[in-house]
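K.L.:
Quick one: the structure is below, and I'll ask about it shortly.
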Amino acid sequence: MAAQEVSPIAAAHGARAAFTSGRTAETRWRRDQLAALDLLLADNGSAIEAALQSDLGKHPLETHTIEIGSVRSEIAVTLKSLAEWTKPREVVAPDYLLPATASTVLQPLGTVLIISPWNYPVHLLLMPLVGAIAAGNAVVVKPSELAPQTSHLMAKLFPAYLDSDAVRLVEGAVDETTELLEFPWDHIFYTGNGTVAKIIMAAAAKHLTPVTLELGGKSPVWIDESADVDAAAGWLAWGKLLNAGQTCIAPDYVLATPAVVDPLVEALVRHTAEMYGDDPHASADFGRIVNARHVDRLAGLLGSGVTVIGGQSDHEDRFVAPTVLRDVTFDDPVMSDEIFGPILPIVTVADADEAIAFINSRDKPLALYCFTERTDVRTAFLERTASGGIAINATMAQAGIDGLPFGGVGASGTGAYHGERSVRVFSHERAVLHKLDGPHHAQASWAPYTDEKQRMLRGPVSGASQEP
Ligand code: NAD
């Protein structure tokens with residue numbers, strides 16, 4: 001494992017030396033590295049699927065589509081559009097400077113750090129990496145120690161496929177990350193929980209390093225009686241149970257009007273059984289919780305409300321059953337922190353106003369889901385709530401659309417990526433003025449401030465502002 005032969009800080013210095021050489025900014029290098037990353041994924045599908053099966057009990061098909069397929073399609077879109085996304089953009093130069101041109105030019109930020117979590121350990125490691133490489137940076141990535149098989153496999157594959165000076169992988173946990181955070185990075189891209197995000201931001205502040213923070217929180221769901229409750233239950237069962245609920249944009253809890261609760265529970269029973277059978281513990285399609293500590297945390301939330309589906313857990317097998325709890329109250333323990341497991345609480349509320357008031361009393365969520373056919377209710381959610389993203393009559397699918405920003409707001413995150421935005425996250429948009437030869441009127445505002453200049457410059461403001 002070449003990437004582990006040097007200390008974390010030495011890896012950071014090595015990456016900076018590669019950036020300083022200038023080669024990462026070259027278009028050829030960017031394209032070659034993206035193609036090499038694609039080949040890494042194409043050649044090693046079975047090994048990656050096995051690693052994720054071991055770390056998270058993830059079904060190989062989920063790994064194939066969500067971990068590998070989504071990154072390969074991000075690479076394909078990026079290779080196709082890179083020239084367009086990175087070309088200089090002309091803006092209009094003001095009359096008083098003519099003849100002149102003005103434009104913006106994207107420059108790589110330099111040497112960047114990407115820190116990722118365990119729940120989608122390939123996707124969340126490589127999706128930001130695609131943007132960092134496409135923008136021409138040298139990169140150090142730090143996978144999560146809580147998905148160890150995936151971390152070890154990636155540490156072996158990176159130097160075999162990628163420019164091992166400029167694109168480095170450092171394995172490790174808190175100690176190694178703490179060491180990495182001492183380096184004056186040009187950008188830090190962190191995905192994970194809000195508590196660690198504060199440590200990252202404090203470390204970045206010491207060097208005035210900009211950060212992107214992709215965080216989580218409780219993503220609410222609204223369902224009223226105008227909705228297609230059966231369709232909503234399908235989206236909820238899929239969104240909540242994929243990866244055993246360990247998805248940052250998973251629907252966390254449901255706020256429903258009284259008339260919806262019985263038919264919703266009935267539909268959830270049906271959809272859950274259709275997806276994972278009568279005994280989800282025996283289903284090869286249902287994932288496992290990342291570790292025993294999280295199983296115990298989730299088991300502690302099972303006492304809230306009335307259990308209408310599931311409720312079982314198995315510490316040894318890292319299993320928590322698909323669970324639905326009804327008659328949950330706002331004050332129950334399951335309503336305090338992000339659940340991050342296959343437990344769906346349903347809280348009954350009088351109307352959309354009560355739901356919106358509750359949502360607005362909490363941190364701004366990463367995602368919000370609204371199942372309704374009522375225009376007034378949809379408008380109320382769109383206009384009176386804030387969240388990273390919102391989906392009407394669906395869950396989670398918003399994250400798969402590359403033209404949409406993926407990111408949070410407030411406590412759910414800072415900054416957004418995917419597609420062209422990923423390149424912009426890792427670029428500096430430089431302002432460029434090119435003054436061409438010839439007479440111009442800028443001198444009209446230079447000293448000495450004659451009466452004539454005073455009259456002219458204090459006159460009515462027309463169009464573009466003057467120089468600062
Ligand atoms: P985690 O425990 O794997 O931690 C994330 C990273 O932070 C790891 O690489 C870890 O080594 C590092 N880390 C942990 N403690 C640290 C410390 N004290 N100092 C420096 N680095 C440290 O993953 P997690 O945080 O449990 O991930 C789950 C959380 O991430 C959930 O809140 C989830 O919603 C959120 N998440 C967000 C997104 C998103 O894209 N917005 C995606 C996935 C997960």
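As shown in the structure tokens, the chain order sets the letters A, B, ...; within each chain, residues go from 1, and ligands are also counted from 1 in the order they appear.
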Can you list, as a PyMOL selection string, every protein, DNA or RNA residue that comes within 9 Å of A:Leu457 when you count only C-alpha atoms, leaving out same-chain residues fewer than 4 positions away?

P.N.:
chain A and resi 444-445+452-453+461

K.L.:
Check every protein, DNA and RNA residue against ligand 1, keep those with an atom at most 6 Å away (counting only C-alpha atoms and all ligand atoms), and present them as a PyMOL selection string.

P.N.:
chain A and resi 115-118+142-146+173-174+177-178+191-193+196+214-217+248+407

K.L.:
Can I get the selection written as a PDB file, in the first residue's frame, with N, CA and C atoms?

P.N.:
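So again.pdb came out as:
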ATOM      1  N   ILE A 115     -12.532  14.342   2.930  1.00  0.00           N
ATOM      2  CA  ILE A 115     -12.715  13.404   4.063  1.00  0.00           C
ATOM      3  C   ILE A 115     -14.109  12.792   3.922  1.00  0.00           C
ATOM      4  N   SER A 116     -14.191  11.462   3.912  1.00  0.00           N
ATOM      5  CA  SER A 116     -15.512  10.873   3.665  1.00  0.00           C
ATOM      6  C   SER A 116     -15.974   9.926   4.762  1.00  0.00           C
ATOM      7  N   PRO A 117     -17.289   9.665   4.789  1.00  0.00           N
ATOM      8  CA  PRO A 117     -17.879   8.789   5.808  1.00  0.00           C
ATOM      9  C   PRO A 117     -18.042   7.365   5.295  1.00  0.00           C
ATOM     10  N   TRP A 118     -18.645   6.530   6.142  1.00  0.00           N
ATOM     11  CA  TRP A 118     -18.691   5.090   5.874  1.00  0.00           C
ATOM     12  C   TRP A 118     -19.943   4.638   5.155  1.00  0.00           C
ATOM     13  N   LYS A 142      -9.331  10.888   2.346  1.00  0.00           N
ATOM     14  CA  LYS A 142      -9.263  10.140   3.616  1.00  0.00           C
ATOM     15  C   LYS A 142     -10.585   9.395   3.770  1.00  0.00           C
ATOM     16  N   PRO A 143     -10.578   8.076   3.444  1.00  0.00           N
ATOM     17  CA  PRO A 143     -11.819   7.303   3.608  1.00  0.00           C
ATOM     18  C   PRO A 143     -12.135   7.059   5.079  1.00  0.00           C
ATOM     19  N   SER A 144     -13.342   6.581   5.352  1.00  0.00           N
ATOM     20  CA  SER A 144     -13.724   6.326   6.751  1.00  0.00           C
ATOM     21  C   SER A 144     -13.160   5.003   7.249  1.00  0.00           C
ATOM     22  N   GLU A 145     -12.646   5.039   8.456  1.00  0.00           N
ATOM     23  CA  GLU A 145     -12.124   3.831   9.112  1.00  0.00           C
ATOM     24  C   GLU A 145     -13.261   2.879   9.490  1.00  0.00           C
ATOM     25  N   LEU A 146     -14.507   3.373   9.466  1.00  0.00           N
ATOM     26  CA  LEU A 146     -15.625   2.513   9.868  1.00  0.00           C
ATOM     27  C   LEU A 146     -16.113   1.614   8.727  1.00  0.00           C
ATOM     28  N   ALA A 173      -8.004   7.069  11.205  1.00  0.00           N
ATOM     29  CA  ALA A 173      -9.152   7.555  11.971  1.00  0.00           C
ATOM     30  C   ALA A 173      -8.849   8.957  12.504  1.00  0.00           C
ATOM     31  N   VAL A 174      -9.191   9.198  13.777  1.00  0.00           N
ATOM     32  CA  VAL A 174      -9.076  10.554  14.314  1.00  0.00           C
ATOM     33  C   VAL A 174      -7.624  11.062  14.288  1.00  0.00           C
ATOM     34  N   THR A 177      -6.494  11.946  10.777  1.00  0.00           N
ATOM     35  CA  THR A 177      -7.235  13.101  10.252  1.00  0.00           C
ATOM     36  C   THR A 177      -6.779  14.378  10.950  1.00  0.00           C
ATOM     37  N   THR A 178      -6.529  14.271  12.253  1.00  0.00           N
ATOM     38  CA  THR A 178      -6.061  15.434  13.003  1.00  0.00           C
ATOM     39  C   THR A 178      -4.727  15.922  12.433  1.00  0.00           C
ATOM     40  N   THR A 191     -17.529  15.243   4.297  1.00  0.00           N
ATOM     41  CA  THR A 191     -18.871  14.664   4.380  1.00  0.00           C
ATOM     42  C   THR A 191     -18.956  13.861   5.672  1.00  0.00           C
ATOM     43  N   GLY A 192     -19.963  14.133   6.473  1.00  0.00           N
ATOM     44  CA  GLY A 192     -20.112  13.399   7.733  1.00  0.00           C
ATOM     45  C   GLY A 192     -21.028  14.147   8.680  1.00  0.00           C
ATOM     46  N   ASN A 193     -20.811  13.929   9.975  1.00  0.00           N
ATOM     47  CA  ASN A 193     -21.753  14.511  10.952  1.00  0.00           C
ATOM     48  C   ASN A 193     -21.340  15.921  11.388  1.00  0.00           C
ATOM     49  N   VAL A 196     -18.293  16.586  14.077  1.00  0.00           N
ATOM     50  CA  VAL A 196     -16.936  16.575  13.511  1.00  0.00           C
ATOM     51  C   VAL A 196     -16.763  17.772  12.563  1.00  0.00           C
ATOM     52  N   GLU A 214     -20.685  18.638   3.831  1.00  0.00           N
ATOM     53  CA  GLU A 214     -21.868  17.865   3.412  1.00  0.00           C
ATOM     54  C   GLU A 214     -22.329  17.092   4.636  1.00  0.00           C
ATOM     55  N   LEU A 215     -23.379  17.594   5.303  1.00  0.00           N
ATOM     56  CA  LEU A 215     -23.762  17.042   6.604  1.00  0.00           C
ATOM     57  C   LEU A 215     -25.133  16.361   6.516  1.00  0.00           C
ATOM     58  N   GLY A 216     -25.753  16.143   7.650  1.00  0.00           N
ATOM     59  CA  GLY A 216     -27.013  15.401   7.643  1.00  0.00           C
ATOM     60  C   GLY A 216     -28.059  16.089   8.495  1.00  0.00           C
ATOM     61  N   GLY A 217     -28.800  15.290   9.260  1.00  0.00           N
ATOM     62  CA  GLY A 217     -29.871  15.826  10.102  1.00  0.00           C
ATOM     63  C   GLY A 217     -31.154  15.063   9.836  1.00  0.00           C
ATOM     64  N   CYS A 248     -27.883   9.809   4.106  1.00  0.00           N
ATOM     65  CA  CYS A 248     -28.030  11.161   4.667  1.00  0.00           C
ATOM     66  C   CYS A 248     -29.336  11.824   4.282  1.00  0.00           C
ATOM     67  N   GLY A 407     -26.490  19.410  -1.648  1.00  0.00           N
ATOM     68  CA  GLY A 407     -25.853  19.997  -0.473  1.00  0.00           C
ATOM     69  C   GLY A 407     -26.913  20.485   0.489  1.00  0.00           C
TER      70      GLY A 407
END

K.L.:
Excluding A:Thr209 and residues on its chain fewer than 5 positions from it, collect all residues at most 9 Å away from it, counting only C-alpha atoms, and give them as a PyMOL selection string.

P.N.:
chain A and resi 184-188+201+203-204

K.L.:
Once you have the residues from the selection above, write them out as a compact mmCIF listing (two decimals), in the first residue's frame, restricted to all heavy atoms.

P.N.:
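The result, stored in result-v9.txt:
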# COMPACT_ATOMS: atom_id res chain seq x y z
N PRO A 184 -1.87 23.45 5.63
CA PRO A 184 -2.63 24.58 5.07
C PRO A 184 -3.24 24.24 3.69
O PRO A 184 -2.72 24.63 2.65
CB PRO A 184 -1.58 25.68 4.95
CG PRO A 184 -0.28 24.97 4.82
CD PRO A 184 -0.41 23.67 5.56
N TRP A 185 -4.33 23.50 3.70
CA TRP A 185 -5.00 23.08 2.45
C TRP A 185 -5.56 24.28 1.71
O TRP A 185 -5.87 25.31 2.32
CB TRP A 185 -6.14 22.11 2.78
CG TRP A 185 -5.67 20.87 3.46
CD1 TRP A 185 -5.67 20.61 4.81
CD2 TRP A 185 -5.06 19.74 2.84
NE1 TRP A 185 -5.11 19.38 5.05
CE2 TRP A 185 -4.74 18.82 3.86
CE3 TRP A 185 -4.77 19.39 1.51
CZ2 TRP A 185 -4.13 17.60 3.61
CZ3 TRP A 185 -4.18 18.17 1.25
CH2 TRP A 185 -3.86 17.29 2.29
N ASP A 186 -5.77 24.08 0.42
CA ASP A 186 -6.44 25.14 -0.35
C ASP A 186 -7.96 24.96 -0.32
O ASP A 186 -8.70 25.88 -0.65
CB ASP A 186 -5.92 25.12 -1.80
CG ASP A 186 -4.44 25.50 -1.83
OD1 ASP A 186 -4.12 26.61 -1.37
OD2 ASP A 186 -3.61 24.66 -2.24
N HIS A 187 -8.41 23.77 0.05
CA HIS A 187 -9.85 23.55 0.26
C HIS A 187 -10.00 22.24 1.04
O HIS A 187 -9.22 21.30 0.84
CB HIS A 187 -10.59 23.42 -1.08
CG HIS A 187 -12.09 23.53 -0.94
ND1 HIS A 187 -12.75 24.74 -0.98
CD2 HIS A 187 -13.05 22.60 -0.71
CE1 HIS A 187 -14.05 24.55 -0.81
NE2 HIS A 187 -14.26 23.26 -0.64
N ILE A 188 -11.00 22.18 1.91
CA ILE A 188 -11.34 20.91 2.58
C ILE A 188 -12.80 20.59 2.26
O ILE A 188 -13.69 21.45 2.44
CB ILE A 188 -11.15 20.98 4.11
CG1 ILE A 188 -9.68 21.31 4.45
CG2 ILE A 188 -11.57 19.67 4.76
CD1 ILE A 188 -9.41 21.51 5.94
N MET A 201 -14.02 22.70 10.63
CA MET A 201 -14.11 24.13 10.33
C MET A 201 -13.15 24.93 11.21
O MET A 201 -12.53 25.88 10.74
CB MET A 201 -15.54 24.60 10.56
CG MET A 201 -15.97 25.69 9.64
SD MET A 201 -17.75 25.92 9.76
CE MET A 201 -17.92 27.35 8.72
N ALA A 203 -10.30 23.83 12.44
CA ALA A 203 -8.93 23.60 11.93
C ALA A 203 -8.71 24.40 10.65
O ALA A 203 -7.64 24.99 10.45
CB ALA A 203 -8.72 22.11 11.68
N ALA A 204 -9.72 24.43 9.79
CA ALA A 204 -9.59 25.17 8.52
C ALA A 204 -9.44 26.66 8.78
O ALA A 204 -8.68 27.35 8.08
CB ALA A 204 -10.82 24.90 7.65

K.L.:
Name the residues in contact with A:Lys218 at a cut-off of 10 Å, using only C-alpha atoms, excluding same-chain residues fewer than 5 positions from it; report them as a list in words.

P.N.:
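Listing them by chain and then by number gives Cys248, Ile249, Ala250, Pro251, Asp252, Tyr253, Met335, Ser336, Asp337, Glu338, Ile339, Phe340, Ile359, Arg362, Asp363, Lys364, Pro365, Leu366, Ala367, Leu368 and Ser412 of chain A.
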
K.L.:
Could you give me, as a list in words, each residue of stretch 292-358 of chain A that DSSP assigns to helix (DSSP H, G or I) when run on this structure's backbone?

P.N.:
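Across stretch 292-358 of chain A, those assigned helix (DSSP H, G or I) are Ala292, Arg293, His294, Val295, Asp296, Arg297, Leu298, Ala299, Pro333, Val334, Met335, Ala352, Asp353, Glu354, Ala355, Ile356, Ala357 and Phe358 of chain A.
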
K.L.:
Would you save the residues of that selection, restricted to N, CA, C and O atoms, as a short mmCIF file (atom, residue, chain, number, x, y, z; two decimals), in the first residue's frame?

P.N.:
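Output contents, as saved in out-v2.cif:
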data_model
loop_
_atom_site.label_atom_id
_atom_site.label_comp_id
_atom_site.auth_asym_id
_atom_site.auth_seq_id
_atom_site.Cartn_x
_atom_site.Cartn_y
_atom_site.Cartn_z
N ALA A 292 -21.76 -2.44 16.04
CA ALA A 292 -22.62 -2.80 17.17
C ALA A 292 -23.03 -1.57 17.99
O ALA A 292 -24.14 -1.50 18.52
N ARG A 293 -22.14 -0.56 18.05
CA ARG A 293 -22.47 0.66 18.80
C ARG A 293 -23.73 1.33 18.20
O ARG A 293 -24.63 1.77 18.91
N HIS A 294 -23.77 1.37 16.87
CA HIS A 294 -24.94 1.98 16.23
C HIS A 294 -26.18 1.10 16.38
O HIS A 294 -27.30 1.62 16.47
N VAL A 295 -26.02 -0.24 16.43
CA VAL A 295 -27.18 -1.12 16.67
C VAL A 295 -27.77 -0.79 18.03
O VAL A 295 -28.99 -0.62 18.19
N ASP A 296 -26.90 -0.64 19.04
CA ASP A 296 -27.38 -0.34 20.39
C ASP A 296 -28.06 1.03 20.45
O ASP A 296 -29.07 1.22 21.11
N ARG A 297 -27.47 2.01 19.74
CA ARG A 297 -28.07 3.35 19.70
C ARG A 297 -29.49 3.26 19.11
O ARG A 297 -30.45 3.81 19.66
N LEU A 298 -29.61 2.51 17.99
CA LEU A 298 -30.92 2.40 17.32
C LEU A 298 -31.90 1.62 18.19
O LEU A 298 -33.08 1.99 18.29
N ALA A 299 -31.42 0.55 18.85
CA ALA A 299 -32.30 -0.26 19.71
C ALA A 299 -32.89 0.63 20.82
O ALA A 299 -34.05 0.46 21.21
N PRO A 333 -37.76 10.30 22.27
CA PRO A 333 -36.33 10.27 21.94
C PRO A 333 -36.06 10.11 20.45
O PRO A 333 -35.10 10.69 19.92
N VAL A 334 -36.89 9.35 19.74
CA VAL A 334 -36.65 9.10 18.32
C VAL A 334 -36.76 10.39 17.49
O VAL A 334 -36.30 10.44 16.34
N MET A 335 -37.36 11.43 18.09
CA MET A 335 -37.52 12.70 17.36
C MET A 335 -36.42 13.69 17.69
O MET A 335 -36.46 14.84 17.24
N ALA A 352 -51.05 21.21 7.73
CA ALA A 352 -49.74 21.59 7.19
C ALA A 352 -49.11 22.72 8.01
O ALA A 352 -47.89 22.77 8.16
N ASP A 353 -49.94 23.61 8.55
CA ASP A 353 -49.37 24.73 9.34
C ASP A 353 -48.63 24.20 10.56
O ASP A 353 -47.54 24.68 10.90
N GLU A 354 -49.23 23.21 11.23
CA GLU A 354 -48.56 22.64 12.42
C GLU A 354 -47.25 21.95 12.00
O GLU A 354 -46.21 22.08 12.67
N ALA A 355 -47.29 21.24 10.87
CA ALA A 355 -46.09 20.55 10.39
C ALA A 355 -44.99 21.57 10.06
O ALA A 355 -43.82 21.41 10.44
N ILE A 356 -45.36 22.63 9.36
CA ILE A 356 -44.36 23.63 8.94
C ILE A 356 -43.78 24.33 10.18
O ILE A 356 -42.57 24.56 10.27
N ALA A 357 -44.64 24.61 11.16
CA ALA A 357 -44.14 25.26 12.38
C ALA A 357 -43.12 24.35 13.08
O ALA A 357 -42.07 24.81 13.55
N PHE A 358 -43.42 23.04 13.13
CA PHE A 358 -42.47 22.12 13.78
C PHE A 358 -41.15 22.06 13.00
O PHE A 358 -40.07 22.19 13.57
#

K.L.:
Write down as a list of chain:residue names the residues of stretch 286-367 of chain A whose backbone DSSP state falls under strand (DSSP E).

P.N.:
A:Val306, A:Thr307, A:Val308, A:Ile309, A:Ser313, A:Asp314, A:Phe319, A:Val320, A:Thr323, A:Val324, A:Leu325, A:Arg326, A:Ile343, A:Leu344, A:Pro345, A:Ile346, A:Val347, A:Thr348, A:Ala367

K.L.:
Neighbouring residues of A:Asp262 were defined as those with any atom within 12 Å, considering only C-alpha atoms; residues of the same chain fewer than 2 positions away were excluded. Please report them as a PDB file with N, CA and C atoms, in the first residue's frame.

P.N.:
ATOM      1  N   GLU A 225     -54.132  13.867   3.153  1.00  0.00           N
ATOM      2  CA  GLU A 225     -55.090  12.915   2.561  1.00  0.00           C
ATOM      3  C   GLU A 225     -55.321  13.136   1.064  1.00  0.00           C
ATOM      4  N   VAL A 229     -51.494   7.757  -1.173  1.00  0.00           N
ATOM      5  CA  VAL A 229     -50.830   7.225   0.021  1.00  0.00           C
ATOM      6  C   VAL A 229     -50.058   5.939  -0.297  1.00  0.00           C
ATOM      7  N   ASP A 230     -50.591   5.143  -1.213  1.00  0.00           N
ATOM      8  CA  ASP A 230     -49.886   3.905  -1.557  1.00  0.00           C
ATOM      9  C   ASP A 230     -48.554   4.218  -2.249  1.00  0.00           C
ATOM     10  N   ALA A 233     -46.106   5.459   0.296  1.00  0.00           N
ATOM     11  CA  ALA A 233     -45.551   4.376   1.128  1.00  0.00           C
ATOM     12  C   ALA A 233     -44.437   3.642   0.384  1.00  0.00           C
ATOM     13  N   ALA A 256     -48.114  13.452   9.510  1.00  0.00           N
ATOM     14  CA  ALA A 256     -49.281  13.098   8.696  1.00  0.00           C
ATOM     15  C   ALA A 256     -50.560  13.572   9.369  1.00  0.00           C
ATOM     16  N   THR A 257     -51.565  13.863   8.523  1.00  0.00           N
ATOM     17  CA  THR A 257     -52.877  14.219   9.075  1.00  0.00           C
ATOM     18  C   THR A 257     -53.551  12.940   9.594  1.00  0.00           C
ATOM     19  N   PRO A 258     -54.510  13.067  10.550  1.00  0.00           N
ATOM     20  CA  PRO A 258     -55.078  11.872  11.203  1.00  0.00           C
ATOM     21  C   PRO A 258     -55.643  10.850  10.214  1.00  0.00           C
ATOM     22  N   ALA A 259     -56.313  11.339   9.157  1.00  0.00           N
ATOM     23  CA  ALA A 259     -56.968  10.397   8.235  1.00  0.00           C
ATOM     24  C   ALA A 259     -55.967   9.554   7.448  1.00  0.00           C
ATOM     25  N   VAL A 260     -54.721   9.990   7.389  1.00  0.00           N
ATOM     26  CA  VAL A 260     -53.721   9.302   6.564  1.00  0.00           C
ATOM     27  C   VAL A 260     -53.079   8.121   7.294  1.00  0.00           C
ATOM     28  N   LEU A 264     -51.730   4.626   5.610  1.00  0.00           N
ATOM     29  CA  LEU A 264     -50.274   4.681   5.396  1.00  0.00           C
ATOM     30  C   LEU A 264     -49.599   3.463   6.035  1.00  0.00           C
ATOM     31  N   VAL A 265     -49.989   3.162   7.274  1.00  0.00           N
ATOM     32  CA  VAL A 265     -49.373   2.009   7.960  1.00  0.00           C
ATOM     33  C   VAL A 265     -49.653   0.730   7.165  1.00  0.00           C
ATOM     34  N   GLU A 266     -50.925   0.596   6.731  1.00  0.00           N
ATOM     35  CA  GLU A 266     -51.305  -0.598   5.952  1.00  0.00           C
ATOM     36  C   GLU A 266     -50.434  -0.716   4.684  1.00  0.00           C
ATOM     37  N   ALA A 267     -50.246   0.404   3.984  1.00  0.00           N
ATOM     38  CA  ALA A 267     -49.451   0.388   2.738  1.00  0.00           C
ATOM     39  C   ALA A 267     -47.974   0.129   3.039  1.00  0.00           C
ATOM     40  N   LEU A 268     -47.484   0.646   4.157  1.00  0.00           N
ATOM     41  CA  LEU A 268     -46.074   0.403   4.515  1.00  0.00           C
ATOM     42  C   LEU A 268     -45.842  -1.075   4.826  1.00  0.00           C
ATOM     43  N   VAL A 269     -46.821  -1.708   5.482  1.00  0.00           N
ATOM     44  CA  VAL A 269     -46.706  -3.149   5.779  1.00  0.00           C
ATOM     45  C   VAL A 269     -46.547  -3.902   4.453  1.00  0.00           C
ATOM     46  N   VAL A 308     -45.679  -0.751  14.908  1.00  0.00           N
ATOM     47  CA  VAL A 308     -46.642  -1.429  14.029  1.00  0.00           C
ATOM     48  C   VAL A 308     -45.954  -2.306  12.976  1.00  0.00           C
ATOM     49  N   ARG A 326     -45.936   4.319  15.221  1.00  0.00           N
ATOM     50  CA  ARG A 326     -46.983   5.334  15.076  1.00  0.00           C
ATOM     51  C   ARG A 326     -47.295   5.972  16.437  1.00  0.00           C
ATOM     52  N   ASP A 327     -48.083   7.036  16.403  1.00  0.00           N
ATOM     53  CA  ASP A 327     -48.448   7.767  17.631  1.00  0.00           C
ATOM     54  C   ASP A 327     -47.210   8.247  18.393  1.00  0.00           C
ATOM     55  N   ILE A 346     -43.991   7.965  12.915  1.00  0.00           N
ATOM     56  CA  ILE A 346     -45.081   8.755  12.327  1.00  0.00           C
ATOM     57  C   ILE A 346     -45.691   9.596  13.445  1.00  0.00           C
ATOM     58  N   THR A 348     -48.684  12.311  14.273  1.00  0.00           N
ATOM     59  CA  THR A 348     -49.935  12.834  13.720  1.00  0.00           C
ATOM     60  C   THR A 348     -50.042  14.328  14.053  1.00  0.00           C
TER      61      THR A 348
END

K.L.:
Near stretch 390-406 of chain A, counting only C-alpha atoms, which residues have an atom at most 10 Å away, once you skip same-chain residues fewer than 3 positions from it, shown as an mmCIF file with C-alpha atoms, in the first residue's frame?

P.N.:
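Result file result-v9.cif:
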data_model
loop_
_atom_site.group_PDB
_atom_site.id
_atom_site.type_symbol
_atom_site.label_atom_id
_atom_site.label_comp_id
_atom_site.auth_asym_id
_atom_site.auth_seq_id
_atom_site.Cartn_x
_atom_site.Cartn_y
_atom_site.Cartn_z
ATOM 1 C CA ILE A 66 -25.265 3.533 -6.365
ATOM 2 C CA SER A 70 -23.237 6.750 -10.227
ATOM 3 C CA SER A 73 -21.738 8.233 -14.945
ATOM 4 C CA GLU A 74 -20.410 11.383 -13.179
ATOM 5 C CA VAL A 77 -20.670 13.507 -17.951
ATOM 6 C CA GLU A 214 -21.868 17.865 3.412
ATOM 7 C CA SER A 219 -35.209 15.018 6.852
ATOM 8 C CA PRO A 220 -38.988 15.338 7.361
ATOM 9 C CA VAL A 221 -41.858 13.952 5.286
ATOM 10 C CA TRP A 222 -45.309 15.505 4.957
ATOM 11 C CA ILE A 223 -48.297 13.394 3.853
ATOM 12 C CA ALA A 227 -51.773 12.335 -1.611
ATOM 13 C CA ASP A 228 -51.581 8.947 -3.288
ATOM 14 C CA VAL A 229 -50.830 7.225 0.021
ATOM 15 C CA ALA A 231 -47.333 5.556 -3.860
ATOM 16 C CA ALA A 232 -45.994 7.568 -0.907
ATOM 17 C CA ALA A 233 -45.551 4.376 1.128
ATOM 18 C CA GLY A 234 -43.522 2.842 -1.721
ATOM 19 C CA TRP A 235 -41.174 5.841 -1.853
ATOM 20 C CA LEU A 236 -40.911 5.833 1.950
ATOM 21 C CA ALA A 237 -40.154 2.117 2.254
ATOM 22 C CA TRP A 238 -37.459 2.380 -0.428
ATOM 23 C CA GLY A 239 -35.952 5.621 0.917
ATOM 24 C CA LYS A 240 -35.958 4.485 4.537
ATOM 25 C CA THR A 247 -28.489 7.446 4.001
ATOM 26 C CA CYS A 248 -28.030 11.161 4.667
ATOM 27 C CA ILE A 249 -31.145 12.111 2.674
ATOM 28 C CA ALA A 250 -33.286 9.203 3.926
ATOM 29 C CA PRO A 251 -36.765 10.267 5.050
ATOM 30 C CA PRO A 365 -32.900 19.751 6.975
ATOM 31 C CA LEU A 366 -30.804 18.312 4.142
ATOM 32 C CA ALA A 367 -33.944 17.067 2.382
ATOM 33 C CA LEU A 368 -37.661 17.610 2.737
ATOM 34 C CA TYR A 369 -40.350 15.387 1.220
ATOM 35 C CA CYS A 370 -43.888 16.495 0.575
ATOM 36 C CA PHE A 371 -46.650 14.122 -0.569
ATOM 37 C CA THR A 372 -49.712 16.119 -1.555
ATOM 38 C CA GLU A 373 -51.877 16.946 -4.557
ATOM 39 C CA ARG A 378 -47.165 22.442 -1.970
ATOM 40 C CA PHE A 381 -43.845 23.999 1.845
ATOM 41 C CA LEU A 382 -41.907 25.541 -1.026
ATOM 42 C CA THR A 385 -39.635 26.090 4.722
ATOM 43 C CA ALA A 386 -35.916 25.851 3.909
ATOM 44 C CA SER A 387 -33.877 22.705 3.206
ATOM 45 C CA GLY A 413 -24.243 21.755 5.262
ATOM 46 C CA GLY A 415 -21.812 24.376 -0.296
ATOM 47 C CA ALA A 416 -23.110 21.960 -2.907
ATOM 48 C CA TYR A 417 -21.697 19.720 -5.626
ATOM 49 C CA HIS A 418 -22.440 17.250 -8.481
ATOM 50 C CA GLY A 419 -21.889 17.826 -12.193
ATOM 51 C CA GLU A 420 -20.569 21.257 -13.154
ATOM 52 C CA ARG A 421 -20.892 22.471 -9.545
ATOM 53 C CA SER A 422 -18.259 19.926 -8.471
#

K.L.:
How far is it from atom CA of A:Leu52 to atom CA of A:Gln33, in Å with one decimal?

P.N.:
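For atom CA of A:Leu52 relative to atom CA of A:Gln33, the distance reads 24.0 Å.
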
K.L.:
Of the candidates A:Tyr96, A:Phe319, A:Phe158, A:Tyr276, which one gets nearest to A:Gly438 if we count only C-alpha atoms?

P.N.:
A:Tyr96

K.L.:
What gap, in Å, lies between atom CA of A:Phe426 and atom CA of A:Pro94?

P.N.:
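Between atom CA of A:Phe426 and atom CA of A:Pro94 the gap works out to 29.4 Å.
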
K.L.:
Return the single residue from A:Ile48, A:Val140, A:Ala76, A:Val320 that is closest to A:His281, with distances computed using only C-alpha atoms.

P.N.:
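Distance minimum relative to A:His281 lands on A:Val320.
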